[in-house]
>>> print(open('start22.cif').read())   # mmCIF, C-alpha atoms
data_protein
#
loop_
_atom_site.label_atom_id
_atom_site.label_comp_id
_atom_site.auth_asym_id
_atom_site.auth_seq_id
_atom_site.Cartn_x
_atom_site.Cartn_y
_atom_site.Cartn_z
CA MET A 20 96.46 129.50 109.21
CA LEU A 21 93.44 129.23 106.88
CA SER A 22 91.36 126.98 109.13
CA ALA A 23 92.55 124.51 111.75
CA ILE A 24 91.71 120.81 111.90
CA ARG A 25 88.51 120.34 113.92
CA ALA A 26 87.94 116.57 113.81
CA VAL A 27 89.20 113.27 112.43
CA GLU A 28 86.51 110.74 111.53
CA VAL A 29 87.20 107.03 110.99
CA ILE A 30 84.74 105.03 108.86
CA PRO A 31 85.55 101.28 108.70
CA ILE A 32 83.84 99.42 105.82
CA ALA A 33 83.85 95.60 105.58
CA LEU A 34 82.69 94.35 102.19
CA LYS A 35 83.54 91.38 99.95
CA CYS A 36 83.56 91.10 96.15
CA THR A 37 84.21 88.30 93.66
CA ASN A 38 87.91 87.55 94.10
CA TRP A 39 89.08 89.42 97.17
CA ASP A 40 88.12 91.34 100.28
CA GLN A 41 87.70 94.97 99.22
CA SER A 42 87.21 96.26 102.77
CA THR A 43 88.69 99.65 103.54
CA VAL A 44 88.83 102.42 106.13
CA VAL A 45 87.79 105.92 105.07
CA ILE A 46 89.37 108.83 106.92
CA ARG A 47 87.57 112.16 106.85
CA ILE A 48 89.25 115.26 108.28
CA SER A 49 87.16 118.40 108.85
CA ASP A 50 88.34 121.94 109.47
CA GLU A 51 86.85 124.77 111.51
CA GLY A 52 85.50 126.40 108.33
CA GLY A 53 83.29 123.45 107.38
CA LEU A 54 85.47 121.87 104.68
CA SER A 55 86.49 118.23 104.79
CA GLY A 56 88.94 115.95 103.00
CA ILE A 57 88.85 112.19 102.57
CA GLY A 58 91.50 109.47 102.39
CA GLU A 59 91.61 105.73 102.88
CA ALA A 60 93.78 103.31 104.82
CA ASP A 61 94.39 99.64 104.10
CA GLY A 62 94.15 96.95 106.75
CA PRO A 63 91.34 95.05 108.53
CA PRO A 64 88.62 97.65 109.24
CA GLU A 65 87.93 96.65 112.84
CA VAL A 66 91.65 96.55 113.66
CA MET A 67 92.33 99.90 112.00
CA ALA A 68 89.40 101.48 113.86
CA ALA A 69 90.85 100.23 117.16
CA TYR A 70 94.26 101.64 116.21
CA PHE A 71 92.75 105.10 115.74
CA ARG A 72 90.89 104.85 119.07
CA GLN A 73 93.88 103.87 121.19
CA GLU A 74 94.68 106.23 124.04
CA THR A 75 97.91 108.19 124.32
CA ALA A 76 100.43 106.45 126.57
CA HIS A 77 103.49 108.71 126.15
CA ARG A 78 105.19 110.87 123.54
CA TRP A 79 106.09 107.89 121.31
CA SER A 80 102.64 106.30 121.57
CA ARG A 81 100.03 108.97 120.92
CA ASN A 82 96.47 109.04 119.66
CA LEU A 83 96.50 110.37 116.09
CA GLY A 84 93.50 112.61 116.72
CA GLU A 85 95.34 114.32 119.58
CA ILE A 86 98.28 114.98 117.27
CA LEU A 87 96.12 116.47 114.53
CA VAL A 88 93.20 118.39 116.06
CA GLY A 89 93.91 122.10 116.29
CA CYS A 90 96.83 121.99 113.86
CA ASP A 91 97.25 123.81 110.56
CA PRO A 92 96.50 121.19 107.84
CA VAL A 93 98.67 123.01 105.29
CA GLU A 94 101.76 121.78 107.14
CA ILE A 95 101.27 118.28 105.73
CA ALA A 96 104.89 117.08 105.80
CA ALA A 97 105.42 118.36 109.35
CA LEU A 98 102.24 116.63 110.50
CA TRP A 99 103.45 113.42 108.80
CA ASP A 100 106.64 113.53 110.83
CA ASP A 101 104.70 114.25 114.03
CA MET A 102 102.45 111.24 113.40
CA TYR A 103 105.37 108.98 112.50
CA GLU A 104 107.43 109.92 115.54
CA GLY A 105 104.37 109.97 117.79
CA THR A 106 103.52 106.34 117.01
CA ASN A 107 106.99 104.77 117.01
CA TRP A 108 106.33 102.79 120.17
CA GLN A 109 103.59 100.64 118.67
CA GLY A 110 105.65 100.09 115.52
CA SER A 111 106.89 102.39 112.79
CA ARG A 112 105.69 100.05 110.03
CA GLY A 113 102.54 98.04 109.31
CA LEU A 114 99.19 99.27 110.62
CA GLY A 115 100.64 102.52 111.91
CA LEU A 116 101.76 103.52 108.42
CA PHE A 117 98.42 102.41 106.96
CA ALA A 118 96.72 104.82 109.36
CA ILE A 119 99.15 107.64 108.54
CA SER A 120 98.55 106.97 104.84
CA GLY A 121 94.81 107.51 105.18
CA VAL A 122 95.30 110.71 107.16
CA ASP A 123 97.86 112.02 104.67
CA LEU A 124 95.51 111.50 101.72
CA ALA A 125 92.71 113.26 103.59
CA LEU A 126 95.03 116.19 104.36
CA HIS A 127 95.95 116.58 100.68
CA ASP A 128 92.26 116.57 99.81
CA LEU A 129 91.38 119.08 102.53
CA VAL A 130 94.28 121.46 101.87
CA GLY A 131 93.61 121.40 98.13
CA LYS A 132 90.04 122.45 98.85
CA GLN A 133 91.18 125.16 101.26
CA LEU A 134 93.55 126.61 98.67
CA GLY A 135 91.32 125.89 95.67
CA VAL A 136 93.97 123.80 93.84
CA PRO A 137 94.21 120.15 92.74
CA ALA A 138 96.33 117.94 94.99
CA PHE A 139 99.09 117.42 92.42
CA LYS A 140 100.01 121.11 92.82
CA LEU A 141 100.73 120.39 96.48
CA LEU A 142 103.23 117.77 95.26
CA GLY A 143 105.16 120.30 93.20
CA GLY A 144 103.01 120.67 90.10
CA ALA A 145 102.39 118.79 86.85
CA ARG A 146 105.29 117.01 85.14
CA ARG A 147 103.12 115.80 82.23
CA ASP A 148 100.17 116.93 80.11
CA ARG A 149 98.01 113.80 80.52
CA LEU A 150 97.83 110.67 82.67
CA THR A 151 98.41 107.10 81.51
CA PRO A 152 96.97 104.22 83.51
CA TYR A 153 97.57 100.53 83.05
CA MET A 154 94.46 98.44 83.62
CA THR A 155 94.61 95.58 86.10
CA LEU A 156 92.55 92.60 84.97
CA TYR A 157 91.08 90.22 87.55
CA PRO A 158 89.19 87.44 85.74
CA ALA A 159 85.86 86.35 87.22
CA ALA A 160 87.24 82.85 87.63
CA GLY A 161 88.50 80.80 90.54
CA PRO A 162 91.90 79.09 90.97
CA GLY A 163 90.34 75.70 90.24
CA ASP A 164 88.55 76.71 87.04
CA PRO A 165 89.91 75.40 83.72
CA LEU A 166 92.39 77.59 81.88
CA SER A 167 89.83 77.99 79.09
CA VAL A 168 87.58 79.85 81.54
CA HIS A 169 90.43 82.12 82.61
CA LEU A 170 91.41 82.83 79.03
CA ALA A 171 87.82 83.63 78.04
CA GLU A 172 87.62 86.11 80.91
CA TYR A 173 90.93 87.75 80.00
CA GLU A 174 89.83 88.00 76.38
CA ARG A 175 86.57 89.69 77.38
CA LEU A 176 88.40 92.22 79.56
CA MET A 177 91.12 92.80 76.97
CA ASP A 178 88.57 93.45 74.23
CA THR A 179 87.08 96.20 76.38
CA CYS A 180 90.53 97.69 76.98
CA LYS A 181 91.31 97.62 73.26
CA SER A 182 88.09 99.50 72.52
CA TRP A 183 89.14 102.18 75.03
CA GLY A 184 92.61 102.63 73.53
CA VAL A 185 94.31 101.42 76.72
CA LYS A 186 98.12 101.43 76.47
CA MET A 187 98.96 98.61 78.91
CA VAL A 188 97.10 95.85 80.76
CA LYS A 189 98.20 93.62 83.61
CA MET A 190 97.06 90.03 84.00
CA SER A 191 96.52 88.95 87.60
CA ILE A 192 97.26 85.22 87.64
CA LEU A 193 94.69 83.38 89.75
CA THR A 194 95.09 79.88 88.32
CA HIS A 195 96.87 77.06 90.18
CA GLU A 196 97.61 75.13 86.99
CA SER A 197 101.18 74.01 86.13
CA ASP A 198 103.93 76.37 85.05
CA GLU A 199 103.75 74.92 81.54
CA ALA A 200 100.02 75.69 81.35
CA LEU A 201 100.68 79.18 82.72
CA VAL A 202 103.15 79.90 79.91
CA GLU A 203 100.53 78.84 77.37
CA LEU A 204 97.92 81.08 79.00
CA ILE A 205 100.16 84.17 78.91
CA THR A 206 101.28 83.40 75.36
CA GLU A 207 97.68 83.19 74.18
CA ALA A 208 96.78 86.39 76.01
CA ARG A 209 99.65 88.16 74.25
CA ARG A 210 98.17 87.01 70.93
CA VAL A 211 94.75 88.45 71.88
CA LEU A 212 96.19 91.92 72.53
CA HIS A 213 97.13 94.35 69.81
CA ASP A 214 100.88 94.64 69.26
CA ASP A 215 100.84 98.24 70.45
CA ILE A 216 99.32 97.38 73.85
CA ARG A 217 101.90 96.51 76.48
CA LEU A 218 101.40 93.43 78.65
CA ALA A 219 102.43 93.02 82.29
CA VAL A 220 101.82 90.07 84.63
CA ASP A 221 101.14 89.91 88.36
CA PHE A 222 102.12 86.39 89.42
CA LEU A 223 100.60 86.89 92.92
CA TYR A 224 103.65 85.45 94.75
CA ARG A 225 103.47 82.16 92.84
CA TRP A 226 107.00 80.85 93.55
CA ARG A 227 109.29 80.35 96.52
CA GLU A 228 112.19 78.96 94.47
CA PRO A 229 113.73 81.59 92.16
CA TYR A 230 115.01 79.16 89.52
CA ALA A 231 111.48 77.85 88.86
CA ALA A 232 110.34 81.43 88.32
CA LEU A 233 113.37 82.15 86.15
CA GLU A 234 112.56 79.20 83.89
CA VAL A 235 109.06 80.59 83.23
CA LEU A 236 110.30 84.13 82.62
CA ARG A 237 112.94 82.92 80.18
CA GLU A 238 110.40 80.80 78.31
CA LEU A 239 108.10 83.81 78.02
CA GLU A 240 111.01 85.80 76.62
CA ARG A 241 111.75 83.06 74.07
CA ARG A 242 108.13 83.27 72.96
CA ASP A 243 108.35 87.04 72.45
CA THR A 244 105.53 87.83 74.87
CA ASP A 245 107.41 91.10 75.53
CA LEU A 246 106.33 91.51 79.15
CA TYR A 247 106.71 95.09 80.35
CA PHE A 248 107.16 93.87 83.90
CA ALA A 249 106.76 90.85 86.18
CA GLU A 250 105.17 91.58 89.55
CA ALA A 251 105.00 89.55 92.78
CA VAL A 252 107.07 86.74 91.28
CA LEU A 253 108.63 85.48 94.54
CA GLN A 254 107.66 85.85 98.19
CA ASN A 255 107.70 89.38 99.56
CA ASP A 256 110.73 88.99 101.86
CA GLN A 257 112.93 87.16 99.34
CA ILE A 258 114.61 90.38 98.34
CA ALA A 259 118.01 88.86 97.52
CA ALA A 260 116.34 86.21 95.35
CA HIS A 261 114.70 89.00 93.35
CA ARG A 262 118.16 90.23 92.42
CA LEU A 263 118.89 86.82 90.88
CA LEU A 264 115.89 87.29 88.59
CA VAL A 265 116.99 90.83 87.78
CA GLU A 266 120.46 89.62 86.77
CA LYS A 267 119.34 86.62 84.72
CA THR A 268 116.33 87.93 82.79
CA HIS A 269 115.60 90.90 80.53
CA THR A 270 112.11 91.44 81.96
CA ARG A 271 111.64 94.32 84.41
CA ILE A 272 111.21 92.86 87.90
CA CYS A 273 109.00 94.69 90.40
CA GLY A 274 108.98 94.86 94.18
CA ALA A 275 107.91 96.73 97.31
CA GLU A 276 104.14 96.50 96.88
CA MET A 277 103.83 95.70 100.62
CA ALA A 278 106.55 98.10 101.70
CA THR A 279 105.92 101.00 104.05
CA THR A 280 108.14 104.09 104.07
CA ARG A 281 111.08 105.02 101.88
CA PHE A 282 113.33 103.04 104.22
CA GLU A 283 111.82 99.70 103.20
CA VAL A 284 111.57 100.71 99.53
CA ARG A 285 115.28 101.63 99.54
CA GLN A 286 116.09 98.03 100.49
CA TRP A 287 114.25 96.77 97.41
CA ILE A 288 116.28 99.12 95.23
CA THR A 289 119.72 98.58 96.75
CA GLU A 290 119.50 94.87 97.65
CA GLY A 291 116.86 93.62 95.24
CA GLY A 292 117.95 95.70 92.27
CA VAL A 293 114.38 95.90 90.99
CA ALA A 294 113.51 98.08 88.01
CA ILE A 295 110.11 99.16 89.35
CA VAL A 296 108.89 99.77 92.90
CA GLN A 297 105.16 99.60 93.63
CA PRO A 298 104.41 101.03 97.09
CA ASP A 299 100.70 101.43 97.74
CA VAL A 300 99.54 104.97 98.44
CA ASN A 301 97.15 103.79 101.18
CA ARG A 302 99.86 101.70 102.88
CA CYS A 303 103.31 103.24 102.34
CA GLY A 304 102.65 106.57 104.07
CA GLY A 305 100.37 108.41 101.67
CA LEU A 306 101.26 110.97 99.02
CA THR A 307 103.85 112.65 101.24
CA GLU A 308 105.92 109.47 101.55
CA LEU A 309 105.27 108.42 97.96
CA ARG A 310 106.79 111.71 96.81
CA ARG A 311 109.87 111.05 98.96
CA ILE A 312 110.11 107.56 97.44
CA ALA A 313 109.94 109.02 93.93
CA ASP A 314 112.71 111.49 94.70
CA MET A 315 114.87 108.64 96.01
CA ALA A 316 114.06 106.32 93.07
CA GLU A 317 115.00 108.96 90.53
CA LEU A 318 118.68 108.77 91.50
CA PRO A 319 119.25 105.12 90.37
CA GLY A 320 116.72 105.39 87.53
CA VAL A 321 114.03 103.21 89.11
CA GLU A 322 110.39 103.67 88.11
CA VAL A 323 107.63 104.14 90.70
CA MET A 324 104.27 102.63 89.73
CA PRO A 325 102.05 102.66 92.83
CA HIS A 326 100.11 99.53 93.68
CA CYS A 327 96.46 100.64 93.62
CA TRP A 328 93.49 98.29 93.83
CA LYS A 329 91.04 99.67 96.39
CA THR A 330 88.39 102.36 95.94
CA GLY A 331 88.08 105.56 93.95
CA ILE A 332 89.90 107.40 96.75
CA SER A 333 93.21 105.62 96.10
CA ALA A 334 92.53 105.78 92.35
CA ALA A 335 92.26 109.57 92.56
CA ALA A 336 95.43 109.80 94.67
CA ALA A 337 97.32 107.71 92.09
CA ARG A 338 96.24 110.07 89.31
CA HIS A 339 97.52 113.08 91.20
CA PHE A 340 100.76 111.29 92.00
CA GLN A 341 101.48 110.46 88.36
CA ALA A 342 100.69 114.03 87.39
CA ALA A 343 103.49 115.24 89.67
CA SER A 344 105.99 112.38 89.24
CA LYS A 345 108.83 112.29 86.72
CA VAL A 346 109.49 108.57 87.32
CA THR A 347 105.99 107.16 86.76
CA SER A 348 105.26 106.27 83.14
CA PHE A 349 102.13 104.31 84.14
CA PHE A 350 100.02 103.99 87.27
CA GLU A 351 97.88 101.01 88.26
CA HIS A 352 94.17 101.46 87.72
CA MET A 353 91.21 99.21 88.43
CA HIS A 354 88.46 100.68 86.31
CA PRO A 355 84.98 100.15 87.83
CA ASP A 356 83.73 98.70 84.52
CA LEU A 357 86.40 95.98 84.64
CA THR A 358 85.78 94.63 88.11
CA ASP A 359 83.01 93.40 90.38
CA ALA A 360 83.74 95.78 93.26
CA PRO A 361 80.80 97.85 94.58
CA LEU A 362 83.02 100.09 96.72
CA ARG A 363 85.14 100.94 93.67
CA THR A 364 81.97 101.91 91.80
CA HIS A 365 79.84 103.63 94.43
CA LEU A 366 81.94 104.97 97.32
CA VAL A 367 83.10 108.23 95.69
CA GLY A 368 82.59 110.19 92.50
CA PRO A 369 82.86 111.51 89.92
CA GLU A 370 84.79 108.96 87.83
CA PRO A 371 86.95 110.71 85.21
CA VAL A 372 86.46 110.00 81.51
CA LEU A 373 89.06 107.89 79.72
CA ASN A 374 90.03 109.32 76.32
CA ASP A 375 92.15 107.16 74.00
CA GLY A 376 93.69 105.39 76.96
CA HIS A 377 94.51 108.59 78.87
CA TYR A 378 93.01 110.84 81.53
CA ASP A 379 93.19 114.61 81.52
CA LEU A 380 94.96 116.35 84.37
CA PRO A 381 92.59 116.85 87.33
CA HIS A 382 91.30 120.39 87.80
CA ALA A 383 88.96 120.16 90.80
CA PRO A 384 90.35 121.15 94.23
CA GLY A 385 91.94 118.47 96.39
CA LEU A 386 91.61 114.92 95.11
CA GLY A 387 88.63 115.99 93.03
CA ILE A 388 86.19 113.46 94.49
CA GLU A 389 83.35 113.48 97.00
CA LEU A 390 82.16 110.79 99.39
CA ASN A 391 78.80 109.19 98.56
CA THR A 392 77.20 109.57 101.97
CA GLY A 393 73.95 108.04 100.74
CA TYR A 394 75.78 104.84 99.84
CA LEU A 395 77.45 104.78 103.27
CA SER A 396 74.03 105.07 104.87
CA GLU A 397 72.84 102.10 102.82
CA LEU A 398 75.78 100.04 104.07
CA GLY A 399 75.07 101.06 107.67
CA VAL A 400 78.75 101.35 108.58
CA PRO A 401 79.82 102.55 112.06
CA ARG A 402 81.74 105.78 112.53
CA CYS A 403 84.17 107.06 115.09
CA VAL A 404 85.07 110.75 115.56
CA LEU A 405 88.39 111.50 117.28
#
>>> encode(input="start22.cif", output="structure tokens")
Amino acid sequence: MLSAIRAVEVIPIALKCTNWDQSTVVIRISDEGGLSGIGEADGPPEVMAAYFRQETAHRWSRNLGEILVGCDPVEIAALWDDMYEGTNWQGSRGLGLFAISGVDLALHDLVGKQLGVPAFKLLGGARRDRLTPYMTLYPAAGPGDPLSVHLAEYERLMDTCKSWGVKMVKMSILTHESDEALVELITEARRVLHDDIRLAVDFLYRWREPYAALEVLRELERRDTDLYFAEAVLQNDQIAAHRLLVEKTHTRICGAEMATTRFEVRQWITEGGVAIVQPDVNRCGGLTELRRIADMAELPGVEVMPHCWKTGISAAAARHFQAASKVTSFFEHMHPDLTDAPLRTHLVGPEPVLNDGHYDLPHAPGLGIELNTGYLSELGVPRCVL
């Protein structure tokens, strides 16, 4: 053992930004030698903090700190199983997996630092020479604003992406206008982009009736918008209805952005028939579970493009995941210059340099980022050490 786990620190941060709640929970794990690794967990900060503080009741309902402290952090997969089995009683999905996700990311960061290697080497090593993000675009416009305002915002963001050489962008649809108006908006956005830039659309769970969604997707195909994928088209639990879209459209249909564990993701693949699964690294079980999901998805030829919209911690984890994944042609990226999100900009650093739409492979140990403790002090957030 290089150095055992000494403490697990939980740092809940509640903070809003323009279009969503960007709150997060930072997990910092320290070892006996003075090194520390950071991760983040999704979920309401105050609720997640309470989850970490809960007392052990029995062997299926244990405090995560009691499971971890004193253990060898290098045994990441074994610790994942111990946490999963040790929290089954309070639910083996949902908040429990969010918590495990944050711990797992922090362990990859810590162990990488202990061994002096980037985290992607802990996942089996690089499968590619450079990293290719797609940029998620959230317009600074509300659902009730005219489509002209939304289009102007998309055009501004797309112009920036074009100047960077970005290879794919994703429109996040915030408007509540009619389906006909939505088709016009996406068609016009396709015209704004260069032909060599791929376009994807996140419909943000717009429809409950699959045939209404199918009509829009087919019209977009007739207009040659050439969508790379359609995300969050129907409601999350309408898995069988997703298969109808898969069978009746040529557009790649996505799923599993809210899924935790490979067990839930498998349902999206086998029952939903989706072409792309999008489990979130800070929700699904961390890098350990995301690697298992990728191994499973490789068999039926399904792509894994992790959902990733929080801070620079998840952004770094997504970079390392794509580096090690054979089934991830793009990964989601919210660049700090494209969004009004202070936590994305200030919580960690450094931010890697984009070069012709790509990032170089990370070289720094662990996730390659450090927590901005000065910024945390400015926010005045509470902390809890387990």
>>> resolve_selection(input="start22.cif", expression="the PyMOL selection byres ((chain A and resi 250-255) around 10)", output="NGL selection string")
:A and (189-191 or 219-229 or 231-233 or 236 or 247-249 or 256-258 or 260-261 or 264 or 271-278 or 295-297)
>>> write_last_selection(input="start22.cif", atoms="C-alpha atoms", output="PDB file, in the coordinates of the input")
ATOM      1  CA  LYS A 189      98.200  93.620  83.610  1.00  0.00           C
ATOM      2  CA  MET A 190      97.060  90.030  84.000  1.00  0.00           C
ATOM      3  CA  SER A 191      96.520  88.950  87.600  1.00  0.00           C
ATOM      4  CA  ALA A 219     102.430  93.020  82.290  1.00  0.00           C
ATOM      5  CA  VAL A 220     101.820  90.070  84.630  1.00  0.00           C
ATOM      6  CA  ASP A 221     101.140  89.910  88.360  1.00  0.00           C
ATOM      7  CA  PHE A 222     102.120  86.390  89.420  1.00  0.00           C
ATOM      8  CA  LEU A 223     100.600  86.890  92.920  1.00  0.00           C
ATOM      9  CA  TYR A 224     103.650  85.450  94.750  1.00  0.00           C
ATOM     10  CA  ARG A 225     103.470  82.160  92.840  1.00  0.00           C
ATOM     11  CA  TRP A 226     107.000  80.850  93.550  1.00  0.00           C
ATOM     12  CA  ARG A 227     109.290  80.350  96.520  1.00  0.00           C
ATOM     13  CA  GLU A 228     112.190  78.960  94.470  1.00  0.00           C
ATOM     14  CA  PRO A 229     113.730  81.590  92.160  1.00  0.00           C
ATOM     15  CA  ALA A 231     111.480  77.850  88.860  1.00  0.00           C
ATOM     16  CA  ALA A 232     110.340  81.430  88.320  1.00  0.00           C
ATOM     17  CA  LEU A 233     113.370  82.150  86.150  1.00  0.00           C
ATOM     18  CA  LEU A 236     110.300  84.130  82.620  1.00  0.00           C
ATOM     19  CA  TYR A 247     106.710  95.090  80.350  1.00  0.00           C
ATOM     20  CA  PHE A 248     107.160  93.870  83.900  1.00  0.00           C
ATOM     21  CA  ALA A 249     106.760  90.850  86.180  1.00  0.00           C
ATOM     22  CA  ASP A 256     110.730  88.990 101.860  1.00  0.00           C
ATOM     23  CA  GLN A 257     112.930  87.160  99.340  1.00  0.00           C
ATOM     24  CA  ILE A 258     114.610  90.380  98.340  1.00  0.00           C
ATOM     25  CA  ALA A 260     116.340  86.210  95.350  1.00  0.00           C
ATOM     26  CA  HIS A 261     114.700  89.000  93.350  1.00  0.00           C
ATOM     27  CA  LEU A 264     115.890  87.290  88.590  1.00  0.00           C
ATOM     28  CA  ARG A 271     111.640  94.320  84.410  1.00  0.00           C
ATOM     29  CA  ILE A 272     111.210  92.860  87.900  1.00  0.00           C
ATOM     30  CA  CYS A 273     109.000  94.690  90.400  1.00  0.00           C
ATOM     31  CA  GLY A 274     108.980  94.860  94.180  1.00  0.00           C
ATOM     32  CA  ALA A 275     107.910  96.730  97.310  1.00  0.00           C
ATOM     33  CA  GLU A 276     104.140  96.500  96.880  1.00  0.00           C
ATOM     34  CA  MET A 277     103.830  95.700 100.620  1.00  0.00           C
ATOM     35  CA  ALA A 278     106.550  98.100 101.700  1.00  0.00           C
ATOM     36  CA  ILE A 295     110.110  99.160  89.350  1.00  0.00           C
ATOM     37  CA  VAL A 296     108.890  99.770  92.900  1.00  0.00           C
ATOM     38  CA  GLN A 297     105.160  99.600  93.630  1.00  0.00           C
TER      39      GLN A 297
END
>>> resolve_selection(input="start22.cif", expression="the PyMOL selection byres ((chain A and resi 315) around 12)", output="ChimeraX atom specification")
/A:280-289,296,308-314,316-323,344-346
>>> resolve_selection(input="start22.cif", expression="the PyMOL selection byres ((chain A and resi 304) around 6)", output="MDAnalysis selection string")
chainID A and resid 116 119:120 302:303 305 308
>>> closest_residue(input="start22.cif", among="A:Glu85, A:Asp128, A:Glu290, A:Glu240", to="Glu389 of chain A", atoms="all atoms listed in the file")
A:Asp128
>>> closest_residue(input="start22.cif", among="A:Gly393, A:Gly52, A:Pro152, A:Gly143", to="Phe349 of chain A", atoms="all atoms listed in the file")
A:Pro152
>>> closest_residue(input="start22.cif", among="A:Leu218, A:Ala159, A:Met324, A:Ala383", to="Gly131 of chain A", atoms="all atoms listed in the file")
A:Ala383
>>> residues_near_point(input="start22.cif", point="(88.8, 121.7, 92.2)", cutoff="7 Å", atoms="all atoms listed in the file", output="VMD selection string")
chain A and resid 132 135 to 137 382 to 385 387
>>> residues_around(input="start22.cif", residues="segment 359-365 of chain A", least_positions_apart="3", cutoff="10 Å", atoms="all atoms listed in the file", output="NGL selection string")
:A and (32-43 or 157-159 or 328-334 or 353-356 or 368-370 or 390-395)
>>> closest_residue(input="start22.cif", among="A:Thr268, A:Arg210, A:Leu134, A:Ile216", to="Glu238 of chain A", atoms="all atoms listed in the file")
A:Thr268
>>> axis_aligned_box(input="start22.cif", around="segment 301-305 of chain A", padding_each_side="4 Å", output="JSON")
{"center_x": 100.2, "center_y": 105.1, "center_z": 102.6, "size_x": 14.2, "size_y": 14.7, "size_z": 10.9}
>>> atom_distance(input="start22.cif", atom1="atom CA of Arg47 of chain A", atom2="atom CA of Gln109 of chain A")
23.0 Å
>>> closest_residue(input="start22.cif", among="A:Leu204, A:Leu306, A:Ile24, A:Val372", to="Val168 of chain A", atoms="only C-alpha atoms")
A:Leu204
>>> residues_around(input="start22.cif", residues="His377 of chain A", least_positions_apart="2", cutoff="7 Å", atoms="only C-alpha atoms", output="PDB file with C-alpha atoms, in the frame of the given file")
ATOM      1  CA  ARG A 149      98.010 113.800  80.520  1.00  0.00           C
ATOM      2  CA  LEU A 150      97.830 110.670  82.670  1.00  0.00           C
ATOM      3  CA  THR A 151      98.410 107.100  81.510  1.00  0.00           C
ATOM      4  CA  PRO A 152      96.970 104.220  83.510  1.00  0.00           C
ATOM      5  CA  LEU A 373      89.060 107.890  79.720  1.00  0.00           C
ATOM      6  CA  ASN A 374      90.030 109.320  76.320  1.00  0.00           C
ATOM      7  CA  ASP A 375      92.150 107.160  74.000  1.00  0.00           C
ATOM      8  CA  ASP A 379      93.190 114.610  81.520  1.00  0.00           C
TER       9      ASP A 379
END
